[in-house]
$ cat structure_38.tsv   # TSV, C-alpha atoms
chain	number	residue	atom	x	y	z
A	4	MET	CA	-27.99	13.75	80.86
A	5	TYR	CA	-25.64	16.62	81.61
A	6	GLY	CA	-22.67	16.00	79.41
A	7	ASP	CA	-22.96	14.66	75.90
A	8	GLU	CA	-20.03	12.79	74.42
A	9	ALA	CA	-18.83	15.79	72.40
A	10	THR	CA	-18.70	17.99	75.52
A	11	ILE	CA	-16.90	15.29	77.51
A	12	ARG	CA	-14.33	14.87	74.73
A	13	ARG	CA	-13.84	18.64	74.40
A	14	ILE	CA	-13.24	19.08	78.14
A	15	LEU	CA	-10.83	16.16	78.30
A	16	THR	CA	-8.86	16.92	75.15
A	17	GLU	CA	-9.20	20.58	74.15
A	18	LEU	CA	-9.85	22.89	77.09
A	19	GLY	CA	-6.53	22.57	78.89
A	20	ASP	CA	-4.58	20.31	81.17
A	21	THR	CA	-4.68	22.10	84.55
A	22	TRP	CA	-7.41	20.56	86.67
A	23	ALA	CA	-8.29	21.88	90.11
A	24	VAL	CA	-9.77	18.99	92.09
A	25	VAL	CA	-12.05	20.37	94.80
A	26	GLY	CA	-12.29	17.99	97.75
A	27	LEU	CA	-8.93	16.32	97.07
A	28	SER	CA	-6.99	15.45	100.21
A	29	SER	CA	-4.29	12.95	101.08
A	30	ASN	CA	-6.95	10.44	102.20
A	31	GLN	CA	-6.22	7.48	99.93
A	32	ASN	CA	-9.63	5.94	100.65
A	33	ARG	CA	-11.53	8.79	98.98
A	34	PRO	CA	-12.51	8.61	95.30
A	35	ALA	CA	-10.95	12.04	94.63
A	36	TYR	CA	-7.52	10.62	95.48
A	37	ARG	CA	-7.83	7.82	92.91
A	38	VAL	CA	-9.43	9.98	90.21
A	39	ALA	CA	-6.72	12.64	90.54
A	40	ARG	CA	-4.09	9.94	90.07
A	41	VAL	CA	-5.76	8.75	86.86
A	42	LEU	CA	-5.91	12.33	85.58
A	43	GLN	CA	-2.17	12.64	86.21
A	44	GLN	CA	-1.52	9.38	84.39
A	45	PHE	CA	-3.27	10.89	81.36
A	46	GLY	CA	-1.10	14.01	81.43
A	47	LYS	CA	-3.25	16.39	83.46
A	48	ARG	CA	-1.76	18.67	86.09
A	49	ILE	CA	-3.90	18.31	89.19
A	50	VAL	CA	-4.27	21.06	91.78
A	51	PRO	CA	-5.64	19.87	95.13
A	52	VAL	CA	-8.27	22.17	96.64
A	53	HIS	CA	-9.25	21.33	100.21
A	54	PRO	CA	-9.48	23.32	103.44
A	55	LYS	CA	-6.34	21.50	104.70
A	56	ALA	CA	-4.37	22.64	101.61
A	57	GLU	CA	-2.39	19.40	101.59
A	58	THR	CA	0.16	18.37	98.99
A	59	VAL	CA	-1.27	15.39	97.10
A	60	HIS	CA	0.36	13.34	94.35
A	61	GLY	CA	3.30	15.75	94.50
A	62	GLU	CA	1.18	18.83	93.81
A	63	GLN	CA	0.79	21.73	96.24
A	64	GLY	CA	-2.71	22.10	97.65
A	65	TYR	CA	-4.74	25.26	98.19
A	66	ALA	CA	-7.55	25.97	100.64
A	67	SER	CA	-9.83	27.43	97.95
A	68	LEU	CA	-10.00	28.05	94.22
A	69	ALA	CA	-9.42	31.75	94.86
A	70	ASP	CA	-6.10	30.92	96.57
A	71	ILE	CA	-4.62	29.29	93.44
A	72	PRO	CA	-2.14	31.85	92.04
A	73	PHE	CA	-2.43	30.68	88.43
A	74	ASP	CA	-5.15	29.87	85.91
A	75	VAL	CA	-7.01	26.58	85.98
A	76	ASP	CA	-8.71	25.08	82.95
A	77	VAL	CA	-11.14	22.64	84.54
A	78	VAL	CA	-12.59	22.42	88.06
A	79	ASP	CA	-13.43	18.84	89.07
A	80	VAL	CA	-15.89	18.88	91.98
A	81	PHE	CA	-15.91	16.20	94.70
A	82	VAL	CA	-18.32	17.79	97.17
A	83	ASN	CA	-21.96	16.97	97.76
A	84	SER	CA	-24.67	18.46	95.58
A	85	ASP	CA	-25.70	20.97	98.27
A	86	LEU	CA	-22.25	22.62	98.10
A	87	ALA	CA	-21.41	22.01	94.46
A	88	GLY	CA	-23.30	25.01	93.05
A	89	GLY	CA	-21.19	27.40	95.08
A	90	VAL	CA	-18.04	25.71	93.80
A	91	ALA	CA	-19.27	26.04	90.22
A	92	ASP	CA	-19.81	29.76	90.80
A	93	GLU	CA	-16.27	30.06	92.22
A	94	ALA	CA	-14.92	28.19	89.18
A	95	VAL	CA	-16.61	30.65	86.82
A	96	ALA	CA	-15.27	33.57	88.87
A	97	LYS	CA	-11.79	32.01	88.66
A	98	GLY	CA	-12.08	31.88	84.87
A	99	ALA	CA	-12.18	28.09	84.48
A	100	ARG	CA	-13.15	26.95	81.02
A	101	ALA	CA	-15.11	23.96	82.33
A	102	VAL	CA	-16.67	22.52	85.48
A	103	TRP	CA	-17.01	18.79	86.06
A	104	PHE	CA	-19.35	17.44	88.76
A	105	GLN	CA	-18.48	13.90	89.80
A	106	LEU	CA	-20.78	10.89	89.90
A	107	GLY	CA	-23.80	11.60	92.08
A	108	VAL	CA	-23.25	15.37	92.08
A	109	VAL	CA	-26.11	17.21	90.37
A	110	ASP	CA	-27.26	20.82	90.59
A	111	GLU	CA	-29.37	21.85	87.62
A	112	ALA	CA	-29.38	25.55	88.54
A	113	ALA	CA	-25.57	25.55	88.76
A	114	TYR	CA	-25.44	23.84	85.37
A	115	GLU	CA	-27.58	26.58	83.83
A	116	ARG	CA	-25.54	29.38	85.48
A	117	THR	CA	-22.23	27.86	84.42
A	118	ARG	CA	-23.32	27.34	80.81
A	119	ALA	CA	-24.82	30.86	80.70
A	120	ALA	CA	-21.43	32.21	81.83
A	121	GLY	CA	-19.80	30.53	78.82
A	122	ALA	CA	-18.11	27.59	80.51
A	123	GLU	CA	-18.58	23.95	79.56
A	124	MET	CA	-20.07	21.63	82.17
A	125	VAL	CA	-20.60	17.95	82.86
A	126	MET	CA	-22.50	16.53	85.83
A	127	ASP	CA	-22.83	13.05	87.31
A	128	ARG	CA	-19.89	11.63	85.34
A	129	CYS	CA	-16.33	10.65	86.21
A	130	PRO	CA	-13.32	11.74	84.13
A	131	ALA	CA	-11.36	8.67	85.29
A	132	ILE	CA	-14.01	6.52	83.59
A	133	GLU	CA	-14.35	8.75	80.52
A	134	ILE	CA	-10.72	9.55	79.68
A	135	PRO	CA	-9.59	5.97	78.93
A	136	ARG	CA	-12.53	5.66	76.49
A	137	LEU	CA	-11.09	8.42	74.29
A	138	ASN	CA	-8.33	6.26	72.84
$ encode --input "structure_38.tsv" --output "structure tokens"
Amino acid sequence: MYGDEATIRRILTELGDTWAVVGLSSNQNRPAYRVARVLQQFGKRIVPVHPKAETVHGEQGYASLADIPFDVDVVDVFVNSDLAGGVADEAVAKGARAVWFQLGVVDEAAYERTRAAGAEMVMDRCPAIEIPRLN
């Protein structure tokens, strides 16, 4: 298990409210679209990151994490496991305090690198499922 309850709670309540959501587009049929909406409903600022750089849920999108002109606290990753490690590395380079890999996204080497760099990390979990449980 990559993400004990204390780590999940810390990421969701203590590490900041600006969440870059990698893989978020305006496609309403994708899980990222729904999860980002839930994050907003719980007071998080979402930042869409997708090659199309679309505005989603009223928030300006960016083509990459490096293109975001401000700090992000958490990077929520909606790409497949083969690409997720590279995104985790970009998140660390960006200075994110935590990386969250969505359900089904696992990269043990990326987990070790991210933790070694001092960032928190959760894998194979969904913040839209976890955040309502906090209350």
$ residues_near_point --input "structure_38.tsv" --point "(-10.5, 7.9, 80.0)" --cutoff "10 Å" --atoms "all atoms listed in the file" --output "NGL selection string"
:A and (12 or 15 or 41-42 or 45 or 129-138)
$ atom_distance --input "structure_38.tsv" --atom1 "CA of Arg37 (chain A)" --atom2 "CA of Arg100 (chain A)"
23.1 Å
$ atom_distance --input "structure_38.tsv" --atom1 "CA of Asp110 (chain A)" --atom2 "CA of Asp7 (chain A)"
16.5 Å
$ residues_around --input "structure_38.tsv" --residues "Gly19 (chain A)" --least-positions-apart "6" --cutoff "10 Å" --atoms "only C-alpha atoms" --output "number ranges by chain"
A: 13, 47-48, 75-77, 99-101
$ write_last_selection --input "structure_38.tsv" --atoms "C-alpha atoms" --output "JSON list (two decimals), keeping the file's coordinate frame"
[["chain", "number", "residue", "atom", "x", "y", "z"],
["A", 13, "ARG", "CA", -13.84, 18.64, 74.40],
["A", 47, "LYS", "CA", -3.25, 16.39, 83.46],
["A", 48, "ARG", "CA", -1.76, 18.67, 86.09],
["A", 75, "VAL", "CA", -7.01, 26.58, 85.98],
["A", 76, "ASP", "CA", -8.71, 25.08, 82.95],
["A", 77, "VAL", "CA", -11.14, 22.64, 84.54],
["A", 99, "ALA", "CA", -12.18, 28.09, 84.48],
["A", 100, "ARG", "CA", -13.15, 26.95, 81.02],
["A", 101, "ALA", "CA", -15.11, 23.96, 82.33]]
$ atom_distance --input "structure_38.tsv" --atom1 "CA of Trp103 (chain A)" --atom2 "CA of Trp22 (chain A)"
9.8 Å
$ closest_atom_pairs --input "structure_38.tsv" --of "region 20-100 of chain A" --to "region 112-122 of chain A" --cutoff "9 Å" --atoms "all atoms listed in the file" --output "JSON lines"
{"residue": "A:Ala87", "atom": "CA", "partner": "A:Ala113", "partner_atom": "CA", "distance": 7.9}
{"residue": "A:Gly88", "atom": "CA", "partner": "A:Ala113", "partner_atom": "CA", "distance": 4.9}
{"residue": "A:Gly89", "atom": "CA", "partner": "A:Ala113", "partner_atom": "CA", "distance": 7.9}
{"residue": "A:Ala91", "atom": "CA", "partner": "A:Ala113", "partner_atom": "CA", "distance": 6.5}
{"residue": "A:Asp92", "atom": "CA", "partner": "A:Thr117", "partner_atom": "CA", "distance": 7.1}
{"residue": "A:Ala94", "atom": "CA", "partner": "A:Thr117", "partner_atom": "CA", "distance": 8.7}
{"residue": "A:Val95", "atom": "CA", "partner": "A:Thr117", "partner_atom": "CA", "distance": 6.7}
{"residue": "A:Gly98", "atom": "CA", "partner": "A:Ala122", "partner_atom": "CA", "distance": 8.6}
{"residue": "A:Ala99", "atom": "CA", "partner": "A:Ala122", "partner_atom": "CA", "distance": 7.2}
{"residue": "A:Arg100", "atom": "CA", "partner": "A:Ala122", "partner_atom": "CA", "distance": 5.0}
$ closest_residue --input "structure_38.tsv" --among "A:Tyr5, A:Tyr36, A:Phe104, A:Tyr65" --to "Val80 (chain A)" --atoms "only C-alpha atoms"
A:Phe104
$ residues_near_point --input "structure_38.tsv" --point "(-8.2, 12.1, 92.9)" --cutoff "9 Å" --atoms "all atoms listed in the file" --output "MDAnalysis selection string"
chainID A and resid 24 26:28 31 33:42 49 51 59:60 81 131
$ closest_residue --input "structure_38.tsv" --among "A:Ala96, A:Ala9, A:Ile14, A:Ala56" --to "Glu123 (chain A)" --atoms "all atoms listed in the file"
A:Ile14
$ residues_around --input "structure_38.tsv" --residues "Gly107 (chain A)" --least-positions-apart "6" --cutoff "10 Å" --atoms "all atoms listed in the file" --output "PyMOL selection string"
chain A and resi 81-84+126-129
$ closest_residue --input "structure_38.tsv" --among "A:Val50, A:Val102, A:Leu18, A:Val108" --to "Pro72 (chain A)" --atoms "all atoms listed in the file"
A:Val50
$ closest_residue --input "structure_38.tsv" --among "A:Val125, A:Val25, A:Val78, A:Val90" --to "Lys55 (chain A)" --atoms "only C-alpha atoms"
A:Val25
$ axis_aligned_box --input "structure_38.tsv" --around "region 80-90 of chain A" --padding-each-side "4 Å" --output "JSON"
{"center_x": -20.8, "center_y": 21.8, "center_z": 95.1, "size_x": 17.8, "size_y": 19.2, "size_z": 14.3}
